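Engineer: Pasting a structure below so you can have a look.
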Amino acid sequence: RILFRMLIRLLEVDVYDEEEINANHTENSEVTQSSNDHWPDIEIFSKMSFDLNVHDPKYRTISPVYTEQLSRVKQEASKETTSEEPKKRETVSMMLTKLAAYNTFHHCEQCHQYMDINPAAQISDSTLHAFTFSSSMLGEEVQLHFIIPKSKENHFVFSKQGKHLESMRLPLVSDKNLNAVKSPIFTPSSGRHEHGLLNLYHAMEGISHLHLLVVKEYEMPLYRKYWPNHIMLVLPGMFNNAGVG
């Protein structure tokens with residue numbers, strides 16, 4: 001029984017079990033969408049009201065967007081919340097679906113090739129490629145580095161001389177192949193090399209897809225160690241101390 005409970009626990013995840021906040025601020029939208037209509041419909045979008053209130057409890061302490069209605073609301077309520085000690089958030093255990101994304105602790109026969117490199121290969125078999133473009137926002141040329149495992153080089157186009165990285169090779173929109181995701185998936189990640197849900201094998205039902213991890217320069221060795229079979233897009237060193245944005 002203990003072993004069974006341990007195995008079941010591996011299929012469970014704790015999620016926050018909290019009521020939504022600002023429920024009374026939601027405006028009832030009169031716009032209805034027929035199940036047969038193509039989505040998105042620009043006409044329907046233009047009639048929908050924009051909800052600027054936060055509903056997720058984890059953003060309870062965030063500053064509300066300023067509106068005329070807000071200026072009439074007394075600020076006493078916000079003072080009360082700041083004086084309180086942080087409460088322990090309620091959680092509930094839920095079974096993972098078969099389409100869950102996983103971190104480094106998940107191992108199974110189906111996705112071990114997605115996670116790990118071939119034992120005969122080495123991490124050094126990945127190649128480093130520089131890609132330079134000019135940025136008007138930063139006012140200078142920006143150099144990004146791609147770390148591409150040998151097994152993933154088929155997703156890129158290289159020049160004949162010097163193997164210079166030129167572009168990505170993506171499936172055509174007109175391609176009827178249902179066993180490939182047509183858009184590349186970029187996942188920015190920082191400080192979560194072990195716990196980040198970066199194993200998308202089961203989430204994608206095992207079909208072919210192009211997944212790139214976007215990491216900071218100083219964290220690159222850690223991500224490369226835990227995810228040797230992933231393509232890395234390494235940001236320039238100037239972003240090492242930058243925030244999420």
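Here's how to read the names in the structure tokens: chain A, B, ... by the order shown, residue numbers from 1 in each chain, ligand numbers from 1 in the order shown.
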Per DSSP on the backbone, what are the helix (DSSP H, G or I) residues of region 89-242 of chain A, as a PyMOL selection string?
Structural biologist: chain A and resi 112-115+123-125+150-155+217-226+237-239
Engineer: Give me the residues near Lys58 (chain A) as JSON, numbers by chain, where near means some atom within 12 Å (using only C-alpha atoms) and where sequence neighbours in that chain fewer than 5 positions away do not count.
Structural biologist: {"A": [16, 17, 18, 19, 20, 21, 86, 87, 88, 89, 90]}
Engineer: Write out as a PyMOL selection string the residues lying within 12 Å of region 8-11 of chain A, counting only C-alpha atoms and excluding same-chain residues fewer than 4 positions away.
Structural biologist: chain A and resi 1-4+93-102+105-108
Engineer: Report as a list in words all protein, DNA and RNA residues lying within 12 Å of Thr187 (chain A), evaluated on only C-alpha atoms, omitting residues in the same chain fewer than 2 positions from it.
Structural biologist: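 Residues meeting the cut-off are Pro184, Ile185, Ser189, Ser190, Arg192, His193, Gly196, Leu197, Leu198, Asn199, Leu200, Leu210, His211, Leu212, Leu213, Val214, Val215, His230, Ile231, Met232, Leu233 and Val234 of chain A.
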Engineer: Record the distance separating CA of Leu128 (chain A) and CA of His202 (chain A), expressed in Å with one decimal.
Structural biologist: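 Between CA of Leu128 (chain A) and CA of His202 (chain A) the gap is 28.0 Å.
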Engineer: Using backbone DSSP assignments, extract all strand (DSSP E) residues from region 4-226 of chain A; output them as an NGL selection string.
Structural biologist: :A and (12-16 or 91-95 or 127-135 or 140-148 or 156-158 or 165-168 or 185-188 or 211-215)
Engineer: Which residue, A:Glu12, A:Glu205, A:Glu217, A:Glu140, has the smallest gap to Gly237 (chain A) when you use only C-alpha atoms?
Structural biologist: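 Using only C-alpha atoms, Gly237 (chain A) sits closest to A:Glu217.
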Engineer: Using only C-alpha atoms for the distances, tell me which of A:Tyr201, A:Phe239, A:Tyr66, A:Trp39 is nearest to Tyr218 (chain A).
Structural biologist: A:Phe239
Engineer: Give me, as a PyMOL selection string, all polymer residues having an atom no more than 10 Å from Phe133 (chain A), counting only C-alpha atoms and skipping those fewer than 3 positions away in the same chain.
Structural biologist: chain A and resi 136+140-144
Engineer: Those residues you just picked out, can you put them in a file as a short mmCIF file (atom, residue, chain, number, x, y, z; two decimals), in the first residue's frame with all heavy atoms?
Structural biologist:
```cif
data_model
loop_
_atom_site.label_atom_id
_atom_site.label_comp_id
_atom_site.auth_asym_id
_atom_site.auth_seq_id
_atom_site.Cartn_x
_atom_site.Cartn_y
_atom_site.Cartn_z
N SER A 136 17.28 48.84 -32.50
CA SER A 136 17.07 50.28 -32.37
C SER A 136 16.80 50.65 -30.91
O SER A 136 17.15 51.73 -30.44
CB SER A 136 15.90 50.73 -33.24
OG SER A 136 14.74 49.98 -32.92
N GLU A 140 22.42 49.55 -30.52
CA GLU A 140 23.67 48.89 -30.88
C GLU A 140 23.37 47.52 -31.45
O GLU A 140 22.23 47.05 -31.45
CB GLU A 140 24.57 48.74 -29.65
CG GLU A 140 23.92 47.96 -28.51
CD GLU A 140 24.79 47.91 -27.26
OE1 GLU A 140 24.69 48.82 -26.42
OE2 GLU A 140 25.55 46.94 -27.16
N GLU A 141 24.42 46.87 -31.94
CA GLU A 141 24.26 45.51 -32.44
C GLU A 141 24.21 44.53 -31.27
O GLU A 141 24.94 44.68 -30.30
CB GLU A 141 25.42 45.14 -33.38
CG GLU A 141 25.27 45.75 -34.77
CD GLU A 141 26.09 45.00 -35.80
OE1 GLU A 141 27.05 44.32 -35.42
OE2 GLU A 141 25.75 45.09 -37.00
N VAL A 142 23.31 43.58 -31.36
CA VAL A 142 23.15 42.58 -30.30
C VAL A 142 23.58 41.22 -30.85
O VAL A 142 23.17 40.84 -31.95
CB VAL A 142 21.68 42.52 -29.82
CG1 VAL A 142 21.50 41.42 -28.79
CG2 VAL A 142 21.25 43.85 -29.25
N GLN A 143 24.39 40.53 -30.07
CA GLN A 143 24.83 39.20 -30.48
C GLN A 143 24.21 38.14 -29.58
O GLN A 143 24.42 38.14 -28.37
CB GLN A 143 26.35 39.11 -30.45
CG GLN A 143 26.87 37.83 -31.11
CD GLN A 143 28.38 37.78 -31.20
OE1 GLN A 143 29.06 37.82 -30.18
NE2 GLN A 143 28.91 37.71 -32.41
N LEU A 144 23.42 37.28 -30.19
CA LEU A 144 22.83 36.16 -29.47
C LEU A 144 23.63 34.90 -29.79
O LEU A 144 24.23 34.81 -30.86
CB LEU A 144 21.37 35.94 -29.90
CG LEU A 144 20.41 37.11 -29.71
CD1 LEU A 144 19.06 36.77 -30.35
CD2 LEU A 144 20.21 37.41 -28.24
#
```
Engineer: One number please: CA of Val13 (chain A) to CA of Glu109 (chain A), in Å, one decimal.
Structural biologist: 20.8 Å
Engineer: So how many Å separate CA of Asn229 (chain A) and CA of Ser159 (chain A), to one decimal?
Structural biologist: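 Computed distance, CA of Asn229 (chain A) to CA of Ser159 (chain A), equals 23.1 Å.
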Engineer: Just want the 12 Å neighbourhood of Thr32 (chain A), counted on only C-alpha atoms, with same-chain residues fewer than 4 positions away dropped. Output as a short mmCIF file (atom, residue, chain, number, x, y, z; two decimals) with N, CA, C and O atoms, in the first residue's frame.
Structural biologist:
```cif
data_model
loop_
_atom_site.label_atom_id
_atom_site.label_comp_id
_atom_site.auth_asym_id
_atom_site.auth_seq_id
_atom_site.Cartn_x
_atom_site.Cartn_y
_atom_site.Cartn_z
N ASN A 28 -20.67 42.15 -16.85
CA ASN A 28 -21.35 41.15 -17.67
C ASN A 28 -21.34 41.59 -19.13
O ASN A 28 -21.84 42.65 -19.47
N ASN A 36 -20.40 27.50 -33.77
CA ASN A 36 -20.05 27.26 -35.18
C ASN A 36 -19.22 28.40 -35.79
O ASN A 36 -18.69 28.25 -36.88
N ASP A 37 -19.13 29.53 -35.09
CA ASP A 37 -18.39 30.67 -35.63
C ASP A 37 -16.90 30.42 -35.63
O ASP A 37 -16.37 29.72 -34.78
N ASP A 41 -13.11 36.32 -34.14
CA ASP A 41 -13.99 37.17 -34.95
C ASP A 41 -13.77 38.62 -34.51
O ASP A 41 -14.06 38.99 -33.38
N GLU A 43 -15.30 41.35 -35.22
CA GLU A 43 -16.53 42.05 -34.84
C GLU A 43 -16.88 41.78 -33.36
O GLU A 43 -17.23 42.69 -32.61
N ILE A 44 -16.77 40.52 -32.97
CA ILE A 44 -17.10 40.15 -31.59
C ILE A 44 -16.07 40.74 -30.63
O ILE A 44 -16.40 41.25 -29.57
N PHE A 45 -14.79 40.70 -31.03
CA PHE A 45 -13.73 41.27 -30.19
C PHE A 45 -14.00 42.75 -29.90
O PHE A 45 -13.80 43.23 -28.79
N LYS A 47 -16.66 44.32 -29.59
CA LYS A 47 -17.79 44.57 -28.68
C LYS A 47 -17.52 44.09 -27.25
O LYS A 47 -18.28 44.38 -26.34
N MET A 48 -16.43 43.32 -27.07
CA MET A 48 -16.14 42.79 -25.74
C MET A 48 -15.51 43.87 -24.86
O MET A 48 -14.68 44.64 -25.31
#
```
Engineer: Could you give me, as a list in words, the residues within 10 Å of region 166-181 of chain A, counting only C-alpha atoms and dropping anything in the same chain fewer than 4 positions from it?
Structural biologist: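 Skipping anything fewer than 4 positions along the chain leaves His129, Ala130, Phe131, Glu153, Asn154, His155, Phe156, Val157, Phe158, Ser159, Ile185, Met204, Glu205, Gly206, Ile207, Ser208, His209, Leu210 and His211 of chain A.
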Engineer: Keeping only N, CA, C and O atoms, take the residues you just selected and write them out as a PDB file, in the first residue's frame.
Structural biologist:
```pdb
ATOM      1  N   HIS A 129      26.767  28.800 -32.006  1.00  0.00           N
ATOM      2  CA  HIS A 129      26.654  29.674 -33.173  1.00  0.00           C
ATOM      3  C   HIS A 129      26.242  31.067 -32.724  1.00  0.00           C
ATOM      4  O   HIS A 129      25.343  31.222 -31.888  1.00  0.00           O
ATOM      5  N   ALA A 130      26.896  32.082 -33.284  1.00  0.00           N
ATOM      6  CA  ALA A 130      26.557  33.479 -32.976  1.00  0.00           C
ATOM      7  C   ALA A 130      25.602  34.002 -34.034  1.00  0.00           C
ATOM      8  O   ALA A 130      25.705  33.657 -35.215  1.00  0.00           O
ATOM      9  N   PHE A 131      24.659  34.827 -33.594  1.00  0.00           N
ATOM     10  CA  PHE A 131      23.690  35.445 -34.515  1.00  0.00           C
ATOM     11  C   PHE A 131      23.588  36.919 -34.136  1.00  0.00           C
ATOM     12  O   PHE A 131      23.215  37.248 -33.009  1.00  0.00           O
ATOM     13  N   GLU A 153      20.289  19.878 -35.366  1.00  0.00           N
ATOM     14  CA  GLU A 153      20.786  20.769 -36.426  1.00  0.00           C
ATOM     15  C   GLU A 153      19.880  20.775 -37.649  1.00  0.00           C
ATOM     16  O   GLU A 153      19.915  21.712 -38.430  1.00  0.00           O
ATOM     17  N   ASN A 154      19.054  19.730 -37.812  1.00  0.00           N
ATOM     18  CA  ASN A 154      18.154  19.677 -38.966  1.00  0.00           C
ATOM     19  C   ASN A 154      17.081  20.765 -38.920  1.00  0.00           C
ATOM     20  O   ASN A 154      16.414  21.029 -39.920  1.00  0.00           O
ATOM     21  N   HIS A 155      16.905  21.430 -37.752  1.00  0.00           N
ATOM     22  CA  HIS A 155      15.913  22.504 -37.629  1.00  0.00           C
ATOM     23  C   HIS A 155      16.455  23.861 -38.095  1.00  0.00           C
ATOM     24  O   HIS A 155      15.738  24.852 -38.070  1.00  0.00           O
ATOM     25  N   PHE A 156      17.733  23.910 -38.499  1.00  0.00           N
ATOM     26  CA  PHE A 156      18.361  25.178 -38.857  1.00  0.00           C
ATOM     27  C   PHE A 156      18.990  25.112 -40.243  1.00  0.00           C
ATOM     28  O   PHE A 156      19.289  24.037 -40.758  1.00  0.00           O
ATOM     29  N   VAL A 157      19.176  26.315 -40.818  1.00  0.00           N
ATOM     30  CA  VAL A 157      19.847  26.432 -42.120  1.00  0.00           C
ATOM     31  C   VAL A 157      21.206  27.077 -41.876  1.00  0.00           C
ATOM     32  O   VAL A 157      21.296  28.134 -41.243  1.00  0.00           O
ATOM     33  N   PHE A 158      22.276  26.440 -42.377  1.00  0.00           N
ATOM     34  CA  PHE A 158      23.632  26.946 -42.214  1.00  0.00           C
ATOM     35  C   PHE A 158      24.221  27.273 -43.583  1.00  0.00           C
ATOM     36  O   PHE A 158      23.862  26.662 -44.589  1.00  0.00           O
ATOM     37  N   SER A 159      25.135  28.250 -43.600  1.00  0.00           N
ATOM     38  CA  SER A 159      25.824  28.582 -44.852  1.00  0.00           C
ATOM     39  C   SER A 159      26.801  27.453 -45.198  1.00  0.00           C
ATOM     40  O   SER A 159      27.245  26.709 -44.315  1.00  0.00           O
ATOM     41  N   ILE A 185       8.694  26.937 -30.310  1.00  0.00           N
ATOM     42  CA  ILE A 185       8.287  27.245 -28.931  1.00  0.00           C
ATOM     43  C   ILE A 185       9.493  27.826 -28.200  1.00  0.00           C
ATOM     44  O   ILE A 185      10.515  27.152 -28.046  1.00  0.00           O
ATOM     45  N   MET A 204       3.221  17.534 -25.786  1.00  0.00           N
ATOM     46  CA  MET A 204       3.088  17.577 -27.252  1.00  0.00           C
ATOM     47  C   MET A 204       2.685  16.222 -27.828  1.00  0.00           C
ATOM     48  O   MET A 204       2.709  16.033 -29.044  1.00  0.00           O
ATOM     49  N   GLU A 205       2.355  15.291 -26.933  1.00  0.00           N
ATOM     50  CA  GLU A 205       1.946  13.935 -27.339  1.00  0.00           C
ATOM     51  C   GLU A 205       2.988  13.254 -28.219  1.00  0.00           C
ATOM     52  O   GLU A 205       2.668  12.466 -29.091  1.00  0.00           O
ATOM     53  N   GLY A 206       4.269  13.613 -27.978  1.00  0.00           N
ATOM     54  CA  GLY A 206       5.357  12.936 -28.678  1.00  0.00           C
ATOM     55  C   GLY A 206       5.595  13.370 -30.102  1.00  0.00           C
ATOM     56  O   GLY A 206       6.470  12.826 -30.784  1.00  0.00           O
ATOM     57  N   ILE A 207       4.840  14.377 -30.594  1.00  0.00           N
ATOM     58  CA  ILE A 207       5.035  14.788 -31.989  1.00  0.00           C
ATOM     59  C   ILE A 207       6.203  15.766 -32.110  1.00  0.00           C
ATOM     60  O   ILE A 207       6.621  16.392 -31.146  1.00  0.00           O
ATOM     61  N   SER A 208       6.719  15.897 -33.317  1.00  0.00           N
ATOM     62  CA  SER A 208       7.908  16.711 -33.567  1.00  0.00           C
ATOM     63  C   SER A 208       7.626  18.195 -33.315  1.00  0.00           C
ATOM     64  O   SER A 208       6.598  18.718 -33.745  1.00  0.00           O
ATOM     65  N   HIS A 209       8.537  18.873 -32.616  1.00  0.00           N
ATOM     66  CA  HIS A 209       8.397  20.313 -32.381  1.00  0.00           C
ATOM     67  C   HIS A 209       9.766  20.923 -32.153  1.00  0.00           C
ATOM     68  O   HIS A 209      10.723  20.227 -31.803  1.00  0.00           O
ATOM     69  N   LEU A 210       9.868  22.224 -32.371  1.00  0.00           N
ATOM     70  CA  LEU A 210      11.123  22.946 -32.180  1.00  0.00           C
ATOM     71  C   LEU A 210      11.012  23.757 -30.894  1.00  0.00           C
ATOM     72  O   LEU A 210      10.232  24.700 -30.806  1.00  0.00           O
ATOM     73  N   HIS A 211      11.787  23.350 -29.866  1.00  0.00           N
ATOM     74  CA  HIS A 211      11.698  23.979 -28.549  1.00  0.00           C
ATOM     75  C   HIS A 211      13.034  24.635 -28.226  1.00  0.00           C
ATOM     76  O   HIS A 211      14.076  23.983 -28.217  1.00  0.00           O
TER      77      HIS A 211
END
```
